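Visitor: To be precise about what I am sending: the file is called model-v2.tsv and holds TSV, C-alpha atoms.
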chain	number	residue	atom	x	y	z
O	28	MET	CA	15.44	26.17	1.35
O	29	THR	CA	15.16	26.49	-2.40
O	30	LEU	CA	12.27	25.37	-4.56
O	31	PHE	CA	14.08	22.20	-5.71
O	32	ASP	CA	15.48	21.19	-2.35
O	33	PRO	CA	15.07	17.40	-1.81
O	34	ALA	CA	13.90	18.22	1.73
O	35	TRP	CA	10.52	19.03	0.15
O	36	ILE	CA	10.08	15.32	-0.65
O	37	ASP	CA	10.58	14.54	3.02
O	38	VAL	CA	8.07	17.21	4.04
O	39	ALA	CA	5.52	16.07	1.44
O	40	ILE	CA	5.67	12.36	2.33
O	41	LEU	CA	5.34	13.12	6.04
O	42	ALA	CA	2.32	15.31	5.27
O	43	PHE	CA	0.77	12.45	3.25
O	44	MET	CA	1.36	10.08	6.17
O	45	ALA	CA	-0.35	12.50	8.55
O	46	ILE	CA	-3.35	12.70	6.19
O	47	VAL	CA	-3.59	8.90	5.89
O	48	ALA	CA	-3.37	8.44	9.68
O	49	PHE	CA	-6.05	11.08	10.16
O	50	VAL	CA	-8.37	9.34	7.69
O	51	VAL	CA	-7.79	5.99	9.44
O	52	ALA	CA	-8.79	7.64	12.73
O	53	LEU	CA	-11.97	9.04	11.13
O	54	LEU	CA	-13.07	5.97	9.16
O	55	ARG	CA	-15.51	3.47	10.61
O	56	SER	CA	-14.85	0.73	8.03
O	57	VAL	CA	-12.29	-1.78	9.29
O	58	PHE	CA	-11.45	-3.05	5.80
O	59	ALA	CA	-10.68	0.46	4.53
O	60	SER	CA	-8.49	1.22	7.53
O	61	VAL	CA	-6.47	-1.96	7.00
O	62	MET	CA	-5.90	-0.95	3.36
O	63	LEU	CA	-4.92	2.58	4.40
O	64	MET	CA	-2.54	1.09	6.95
O	65	GLY	CA	-0.81	-0.66	4.03
O	66	ILE	CA	-0.54	2.67	2.22
O	67	PHE	CA	0.80	4.24	5.40
O	68	SER	CA	3.53	1.58	5.59
O	69	LEU	CA	4.40	2.03	1.92
O	70	LEU	CA	4.67	5.82	2.36
O	71	SER	CA	6.96	5.28	5.33
O	72	ALA	CA	9.08	2.91	3.22
O	73	THR	CA	9.42	5.67	0.60
O	74	LEU	CA	10.45	8.08	3.34
O	75	PHE	CA	13.08	5.62	4.58
O	76	VAL	CA	14.71	5.62	1.12
O	77	ILE	CA	14.98	9.43	1.32
O	78	LEU	CA	16.44	9.12	4.81
O	79	ASP	CA	19.16	6.72	3.51
O	80	ALA	CA	17.77	3.65	5.26
O	81	VAL	CA	17.43	1.42	2.20
O	82	ASP	CA	17.48	-1.88	4.11
O	83	VAL	CA	14.75	-0.66	6.43
O	84	ALA	CA	12.79	0.60	3.42
O	85	PHE	CA	12.57	-2.74	1.66
O	86	THR	CA	11.87	-4.60	4.87
O	87	GLU	CA	9.05	-2.17	5.67
O	88	ALA	CA	7.68	-2.37	2.12
O	89	SER	CA	7.60	-6.18	2.15
O	90	VAL	CA	6.70	-6.82	5.78
O	91	GLY	CA	4.76	-3.72	6.80
O	92	ALA	CA	2.89	-3.06	3.57
O	93	GLY	CA	2.83	-6.66	2.29
O	94	ILE	CA	2.67	-9.50	4.79
O	95	SER	CA	1.09	-7.39	7.52
O	96	VAL	CA	-1.91	-6.49	5.34
O	97	VAL	CA	-2.25	-10.13	4.24
O	98	VAL	CA	-2.25	-11.26	7.89
O	99	PHE	CA	-4.90	-8.64	8.70
O	100	LEU	CA	-7.10	-9.73	5.80
O	101	GLY	CA	-6.65	-13.38	6.79
O	102	ALA	CA	-7.77	-12.62	10.32
O	103	MET	CA	-10.67	-10.50	9.05
O	104	SER	CA	-11.95	-13.43	7.00
O	105	LEU	CA	-12.48	-15.18	10.36
O	106	ILE	CA	-13.82	-12.08	12.11
O	107	PRO	CA	-16.99	-10.58	10.60
O	108	SER	CA	-17.14	-6.80	10.95
O	109	PRO	CA	-20.08	-6.02	13.21
O	110	LYS	CA	-22.09	-2.83	13.17
O	111	ALA	CA	-19.81	-0.14	14.52
O	112	HIS	CA	-20.51	1.19	17.97
O	113	GLY	CA	-19.69	4.81	18.77
O	114	ARG	CA	-16.25	5.67	20.08
O	115	THR	CA	-15.34	4.96	23.67
O	116	ARG	CA	-14.97	8.33	25.44
O	117	PRO	CA	-13.67	10.29	22.40
O	118	LEU	CA	-13.13	13.58	24.24
O	119	LEU	CA	-11.15	12.05	27.08
O	120	GLY	CA	-9.07	10.12	24.54
O	121	ALA	CA	-8.37	13.25	22.50
O	122	LEU	CA	-7.41	15.12	25.65
O	123	VAL	CA	-4.98	12.39	26.74
O	124	CYS	CA	-3.44	12.26	23.24
O	125	ILE	CA	-3.04	16.04	22.96
O	126	ALA	CA	-1.47	16.30	26.42
O	127	CYS	CA	0.84	13.36	25.75
O	128	GLY	CA	1.77	14.70	22.29
O	129	ALA	CA	2.47	18.17	23.68
O	130	LEU	CA	4.85	16.66	26.24
O	131	LEU	CA	6.61	14.60	23.56
O	132	ILE	CA	7.01	17.65	21.29
O	133	LEU	CA	8.33	19.60	24.27
O	134	GLY	CA	10.89	16.82	24.64
O	135	THR	CA	12.04	17.14	21.03
O	136	LEU	CA	12.88	20.84	21.47
O	137	ASP	CA	16.15	19.83	23.14
O	138	MET	CA	17.09	17.50	20.29
O	139	PRO	CA	19.75	18.27	17.69
O	140	THR	CA	18.21	19.44	14.42
O	141	TYR	CA	17.49	17.02	11.58
O	142	GLY	CA	20.66	15.94	9.77
O	143	ASP	CA	23.09	17.54	12.22
O	144	PRO	CA	26.38	15.58	11.82
O	145	GLN	CA	27.49	16.62	15.34
O	146	ALA	CA	24.45	15.04	17.06
O	147	PRO	CA	25.49	12.78	19.99
O	148	ILE	CA	23.92	9.78	18.26
O	149	HIS	CA	26.57	9.99	15.49
O	150	LEU	CA	29.56	10.41	17.81
O	151	HIS	CA	29.45	7.16	19.76
O	152	VAL	CA	29.92	3.76	18.09
O	153	ALA	CA	28.62	4.60	14.60
O	154	ASP	CA	32.01	5.91	13.46
O	155	ARG	CA	33.70	2.69	14.45
O	156	TYR	CA	31.16	0.62	12.53
O	157	LEU	CA	31.68	2.77	9.43
O	158	SER	CA	35.49	2.79	9.56
O	159	GLU	CA	36.22	-0.76	10.73
O	160	SER	CA	33.37	-3.00	9.61
O	161	LEU	CA	34.69	-3.51	6.07
O	162	GLU	CA	38.00	-4.79	7.37
O	163	ALA	CA	36.42	-6.79	10.21
O	164	THR	CA	33.59	-8.51	8.33
O	165	ASP	CA	34.34	-7.99	4.61
O	166	VAL	CA	30.74	-6.89	4.00
O	167	PRO	CA	30.36	-3.45	2.35
O	168	ASN	CA	26.81	-3.00	3.65
O	169	VAL	CA	27.33	-1.72	7.19
O	170	VAL	CA	23.74	-2.45	8.23
O	171	THR	CA	24.20	-6.12	7.34
O	172	SER	CA	27.52	-6.44	9.14
O	173	VAL	CA	26.18	-4.77	12.30
O	174	LEU	CA	22.97	-6.83	12.22
O	175	ALA	CA	24.59	-10.20	11.64
O	176	SER	CA	27.99	-9.77	13.24
O	177	TYR	CA	28.43	-6.96	15.79
O	178	ARG	CA	24.89	-7.37	17.13
O	179	GLY	CA	24.35	-10.99	16.23
O	180	TYR	CA	22.91	-11.73	19.66
O	181	ASP	CA	20.21	-9.09	19.11
O	182	THR	CA	19.22	-10.90	15.96
O	183	LEU	CA	19.25	-14.24	17.78
O	184	GLY	CA	16.92	-12.71	20.37
O	185	GLU	CA	14.68	-11.41	17.58
O	186	THR	CA	14.51	-14.91	16.11
O	187	THR	CA	13.53	-16.24	19.53
O	188	VAL	CA	10.70	-13.71	19.74
O	189	ILE	CA	9.40	-14.70	16.29
O	190	PHE	CA	9.65	-18.38	17.16
O	191	THR	CA	7.70	-17.81	20.38
O	192	ALA	CA	5.05	-15.77	18.56
O	193	ALA	CA	4.73	-18.46	15.86
O	194	ILE	CA	4.23	-21.18	18.49
O	195	ALA	CA	1.68	-19.03	20.33
O	196	VAL	CA	-0.27	-18.38	17.10
O	197	LEU	CA	-0.26	-22.10	16.30
O	198	ILE	CA	-1.49	-22.97	19.78
O	199	LEU	CA	-4.23	-20.32	19.58
O	200	ILE	CA	-5.66	-20.99	16.12
O	201	GLY	CA	-3.74	-23.96	14.71
O	202	GLY	CA	-5.39	-27.03	16.18
O	203	SER	CA	-8.90	-28.42	16.33
O	204	TRP	CA	-10.17	-25.64	18.62
O	205	ARG	CA	-13.03	-24.79	16.27
O	206	ASP	CA	-15.02	-27.96	16.87
O	207	GLY	CA	-15.40	-27.21	20.57
O	208	VAL	CA	-16.35	-23.54	20.46
O	209	LYS	CA	-18.23	-23.10	17.24
O	210	ALA	CA	-21.74	-23.81	18.50
O	211	PRO	CA	-21.87	-21.26	21.38
O	212	ALA	CA	-20.08	-18.71	19.19
O	213	ARG	CA	-22.95	-18.70	16.71
O	214	ALA	CA	-25.50	-18.17	19.45
O	215	ASP	CA	-23.46	-15.31	20.92
O	216	LYS	CA	-23.05	-13.58	17.59
O	217	GLU	CA	-26.72	-12.84	17.26
O	218	THR	CA	-26.79	-11.10	20.63
O	219	GLY	CA	-23.50	-9.34	19.83
O	220	ASP	CA	-24.78	-7.86	16.61
O	221	ALA	CA	-28.12	-6.82	18.01
U	17	MET	CA	16.95	27.32	12.40
U	18	GLU	CA	17.24	25.69	9.01
U	19	PHE	CA	13.95	24.54	7.56
U	20	PRO	CA	13.50	20.80	8.12
U	21	GLY	CA	14.70	21.56	11.68
U	22	LEU	CA	12.66	19.42	14.02
U	23	TYR	CA	9.75	18.96	11.57
U	24	ASN	CA	10.35	15.21	11.15
U	25	TYR	CA	10.26	14.64	14.89
U	26	TRP	CA	7.11	16.70	15.35
U	27	ILE	CA	5.23	14.87	12.62
U	28	ALA	CA	6.40	11.55	14.08
U	29	MET	CA	4.95	12.59	17.46
U	30	VAL	CA	1.67	13.68	15.85
U	31	LEU	CA	1.40	10.34	14.00
U	32	MET	CA	2.12	8.47	17.24
U	33	MET	CA	-0.67	10.31	19.01
U	34	MET	CA	-3.09	9.56	16.14
U	35	GLY	CA	-2.24	5.88	16.57
U	36	LEU	CA	-2.75	6.16	20.32
U	37	TYR	CA	-6.09	7.92	19.78
U	38	ILE	CA	-7.31	5.03	17.61
U	39	VAL	CA	-6.16	2.51	20.24
U	40	ILE	CA	-7.93	4.38	23.05
U	41	THR	CA	-11.22	5.36	21.44
U	42	ASP	CA	-12.09	2.82	18.74
U	43	PRO	CA	-14.24	0.02	20.16
U	44	ASN	CA	-13.41	-2.42	17.34
U	45	MET	CA	-10.36	-4.41	18.37
U	46	VAL	CA	-9.13	-5.02	14.80
U	47	LYS	CA	-9.07	-1.24	14.42
U	48	LYS	CA	-7.15	-0.97	17.69
U	49	ILE	CA	-4.42	-3.17	16.22
U	50	VAL	CA	-4.36	-0.99	13.09
U	51	GLY	CA	-3.82	1.97	15.44
U	52	LEU	CA	-1.02	0.10	17.15
U	53	SER	CA	0.65	-0.52	13.77
U	54	ILE	CA	0.44	3.19	12.96
U	55	PHE	CA	2.00	4.00	16.32
U	56	GLN	CA	4.75	1.49	15.58
U	57	VAL	CA	5.57	2.90	12.14
U	58	SER	CA	5.72	6.42	13.62
U	59	VAL	CA	8.37	5.25	16.07
U	60	PHE	CA	10.32	3.84	13.11
U	61	VAL	CA	10.08	7.19	11.32
U	62	PHE	CA	11.33	8.93	14.47
U	63	TYR	CA	14.37	6.65	14.79
U	64	ILE	CA	15.31	6.76	11.12
U	65	SER	CA	15.01	10.56	11.10
U	66	MET	CA	17.55	10.72	13.90
U	67	ALA	CA	19.96	8.55	11.90
U	68	LYS	CA	20.05	10.92	8.91
U	69	VAL	CA	23.25	12.94	8.40
U	70	ARG	CA	23.05	15.99	6.16
U	71	GLY	CA	24.71	15.23	2.81
U	72	GLY	CA	25.15	11.61	3.79
U	73	THR	CA	24.29	8.53	1.76
U	74	ALA	CA	23.07	5.01	2.57
U	75	PRO	CA	25.63	3.18	4.75
U	76	ILE	CA	26.97	0.89	2.02
U	77	LEU	CA	30.71	1.47	1.89
U	78	ASP	CA	32.16	2.68	-1.41
U	79	ASP	CA	35.28	4.66	-2.31
U	80	ARG	CA	33.25	7.41	-3.96
U	81	PHE	CA	31.52	8.48	-0.73
U	82	THR	CA	32.81	9.68	2.59
U	83	VAL	CA	29.68	10.77	4.49
U	84	TYR	CA	27.24	8.04	5.52
U	85	SER	CA	24.09	8.10	7.62
U	86	ASN	CA	24.24	6.33	10.97
U	87	PRO	CA	23.69	2.57	10.44
U	88	LEU	CA	22.89	1.70	14.06
U	89	PRO	CA	19.25	2.96	14.20
U	90	HIS	CA	18.65	1.19	10.89
U	91	VAL	CA	19.70	-2.11	12.46
U	92	LEU	CA	17.52	-1.56	15.54
U	93	ILE	CA	14.50	-0.72	13.40
U	94	LEU	CA	15.03	-3.71	11.11
U	95	THR	CA	14.72	-5.87	14.21
U	96	ALA	CA	11.70	-3.89	15.40
U	97	ILE	CA	9.83	-4.29	12.09
U	98	VAL	CA	10.15	-8.05	12.14
U	99	VAL	CA	9.21	-8.31	15.81
U	100	GLY	CA	6.30	-5.96	15.07
U	101	ILE	CA	4.71	-8.30	12.50
U	102	ALA	CA	5.16	-11.24	14.92
U	103	THR	CA	3.30	-9.42	17.69
U	104	THR	CA	0.61	-8.21	15.27
U	105	ALA	CA	0.02	-11.77	14.10
U	106	LEU	CA	-0.24	-12.93	17.73
U	107	ALA	CA	-2.72	-10.15	18.53
U	108	LEU	CA	-4.87	-11.09	15.53
U	109	ALA	CA	-4.79	-14.76	16.56
U	110	LEU	CA	-6.05	-13.72	20.00
U	111	LEU	CA	-8.82	-11.73	18.31
U	112	VAL	CA	-9.89	-14.80	16.33
U	113	ARG	CA	-10.27	-16.63	19.65
U	114	ILE	CA	-12.11	-13.68	21.20
U	115	GLN	CA	-14.48	-13.73	18.23
U	116	ALA	CA	-15.03	-17.45	18.75
U	117	ALA	CA	-15.69	-17.03	22.47
U	118	PHE	CA	-17.86	-13.90	22.44
U	119	GLY	CA	-19.14	-13.74	18.86
U	120	THR	CA	-17.83	-10.20	18.48
U	121	VAL	CA	-14.60	-8.22	18.68
U	122	ASP	CA	-16.36	-5.02	19.68
U	123	GLU	CA	-15.15	-3.85	23.08
U	124	GLU	CA	-18.50	-2.36	24.11
U	125	ALA	CA	-20.44	-5.45	23.02
U	126	ILE	CA	-18.09	-7.69	25.01
U	127	LYS	CA	-18.52	-5.47	28.07
U	128	ALA	CA	-22.30	-5.73	27.67
U	129	LEU	CA	-22.08	-9.54	27.38
U	130	GLU	CA	-19.91	-9.68	30.49
U	131	ARG	CA	-22.45	-7.61	32.43
U	132	GLU	CA	-25.25	-9.95	31.41
U	133	THR	CA	-23.53	-13.03	32.81
Re-express the file's structure as structure tokens.

Guide:
Amino acid sequence: MTLFDPAWIDVAILAFMAIVAFVVALLRSVFASVMLMGIFSLLSATLFVILDAVDVAFTEASVGAGISVVVFLGAMSLIPSPKAHGRTRPLLGALVCIACGALLILGTLDMPTYGDPQAPIHLHVADRYLSESLEATDVPNVVTSVLASYRGYDTLGETTVIFTAAIAVLILIGGSWRDGVKAPARADKETGDA
Amino acid sequence: MEFPGLYNYWIAMVLMMMGLYIVITDPNMVKKIVGLSIFQVSVFVFYISMAKVRGGTAPILDDRFTVYSNPLPHVLILTAIVVGIATTALALALLVRIQAAFGTVDEEAIKALERET
């Protein structure tokens, strides 16, 4: 790898993401971690551009780094941040994560290397999408034609999930639920903070 | 082995485990959802890394290019991103109700309140 190899960009952005995730794990402030999560999403969107996934990149930048942070901040305006308690069993958690991560990394050792054009993932249906989709759907962007045409039912299912989630959110916090629960909530909060 | 090798996959795994660590050990439930989002984005990075073809370009067909990256993981992850924000919003809505019911979203404080009653 030479000094000006574009692979360095990939390496650098992934390193930045690791640093941001580490800081989120260390921080006690909820507000700061939500902001860093937005930065994390934006860094991943940058990485997706390098990895040729431009559609994913702009979706991640708008949804992951944009709307998601707004939703978090909206929820946090209703949830006061209490005094932080210590971590729940930090050593056990670290042990579980290290063991689990070691197993996952062991699993990647069998994988084809990054960018290998002969990897099994590229030899199945992807070729057909690339060679036939222009003729079949008349859309030059293959991601769009696969999303909306070849796998249209997937997208319909996705829409169903979003619809269900939207209804559930409206049921949970949409109506006049506040009037009923507000009084005991205030009493509880004092004991919760203490 | 050429340099990027499996580096992308390894970092993706490390990021996933950092997300999992936050979910397991942080008592604040808003922070747990932040951890879950980090986990989610790491899975996206893992998938998109697998889709990359060396020397390829974005899968938008043009006469000037012949090598394209695999579009299929991109499609799957597009779906996953949008579903991800829907589930995050639902989780936060549940937290708002938990806050209303218990007066806190701290796991340990809720456990203590449960023990009292």

Visitor: Neighbours of O:Leu63 within 9 Å (all atoms listed in the file; same-chain residues fewer than 6 positions away dropped), as a short mmCIF file (atom, residue, chain, number, x, y, z; two decimals) with C-alpha atoms, in the coordinates of the input?

Guide:
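What landed in selection16.cif:
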data_model
loop_
_atom_site.label_atom_id
_atom_site.label_comp_id
_atom_site.auth_asym_id
_atom_site.auth_seq_id
_atom_site.Cartn_x
_atom_site.Cartn_y
_atom_site.Cartn_z
CA VAL O 47 -3.59 8.90 5.89
CA ALA O 48 -3.37 8.44 9.68
CA VAL O 50 -8.37 9.34 7.69
CA VAL O 51 -7.79 5.99 9.44
#

Visitor: Using only C-alpha atoms, which of O:Leu54, O:Leu100, O:Met64, O:Leu183 sits nearest chain U?

Guide: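 Of O:Leu54, O:Leu100, O:Met64, O:Leu183, the one nearest chain U is O:Met64, counting only C-alpha atoms.
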
Visitor: O:Val83, O:Ile125, O:Val97, O:Leu105: which is nearest U:Met34, counting all atoms listed in the file?

Guide: O:Ile125

Visitor: Between U:Gly100, U:Val39, U:Ala105, U:Asn24, which one has atoms that come closest to O:Leu78, using all atoms listed in the file?

Guide: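 Looking only at the distances to O:Leu78, the closest residue turns out to be U:Asn24.
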
Visitor: One decimal, Å: what's the distance from atom CA of O:Glu87 over to atom CA of O:Ala192, could you say?

Guide: 19.2 Å

Visitor: Quick one, how far is atom CA of O:Asp143 from atom CA of U:Tyr25?

Guide: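 Rounded to one decimal, the two atoms are 13.4 Å apart.
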
Visitor: Determine the nearest neighbour of U:Ala116 from the options O:Gly184, O:Val123, O:Pro144, O:Pro107, counting all atoms listed in the file.

Guide: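 Closest to U:Ala116 of all the choices is O:Pro107.
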
Visitor: With all atoms listed in the file as the basis for distance, which of O:Met138, O:Val96, O:Val188, O:Leu119 is at the shortest distance from U:Ile49?

Guide: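 Using all atoms listed in the file, the shortest distance to U:Ile49 belongs to O:Val96.
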
Visitor: Looking at only C-alpha atoms, which of U:Gly35, U:Gly119, U:Gly72, U:Gly51 is the one that sits closest to chain O?

Guide: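 Selected residue with least distance to chain O: U:Gly119.
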
Visitor: Fewer than 5 positions away in the same chain doesn't count, so skip those; otherwise give me all residues within 12 Å of O:Phe67, counting only C-alpha atoms, as a PyMOL selection string.

Guide: (chain O and resi 40-51+60-62+72-74+87-88+91-93+95-96) or (chain U and resi 31+35+50-51+53-58+61)

Visitor: Fewer than 3 positions away in the same chain doesn't count, so skip those; otherwise give me all residues within 9 Å of U:Lys68, counting only C-alpha atoms, as a VMD selection string.

Guide: (chain O and resid 78 to 80 141 to 144) or (chain U and resid 64 to 65 71 to 73 84 to 86)

Visitor: Any idea what the distance is between atom CA of O:His151 and atom CA of O:Ala34?

Guide: 26.3 Å

Visitor: Determine the axis-aligned bounding box of all atoms of stretch 98-104 of chain O present in the file, pad each side by 4 Å, and express its centre and edge lengths in Å to one decimal place as JSON.

Guide:
{"center_x": -7.1, "center_y": -11.0, "center_z": 8.1, "size_x": 17.7, "size_y": 12.8, "size_z": 12.5}

Visitor: List as a PyMOL selection string the protein and nucleic acid residues near U:Glu124, meaning an atom at most 10 Å away when only C-alpha atoms are counted, but skip any in the same chain fewer than 6 places from it.

Guide: (chain O and resi 111-115+219) or (chain U and resi 42-44+130)

Visitor: Set the distance at 8 Å and use all atoms listed in the file: which residues neighbour O:Leu157 once local chain neighbours fewer than 3 positions away are removed? I'd like the list as an NGL selection string.

Guide: (:O and (153-154 or 160-161 or 169)) or (:U and (75 or 77 or 84))
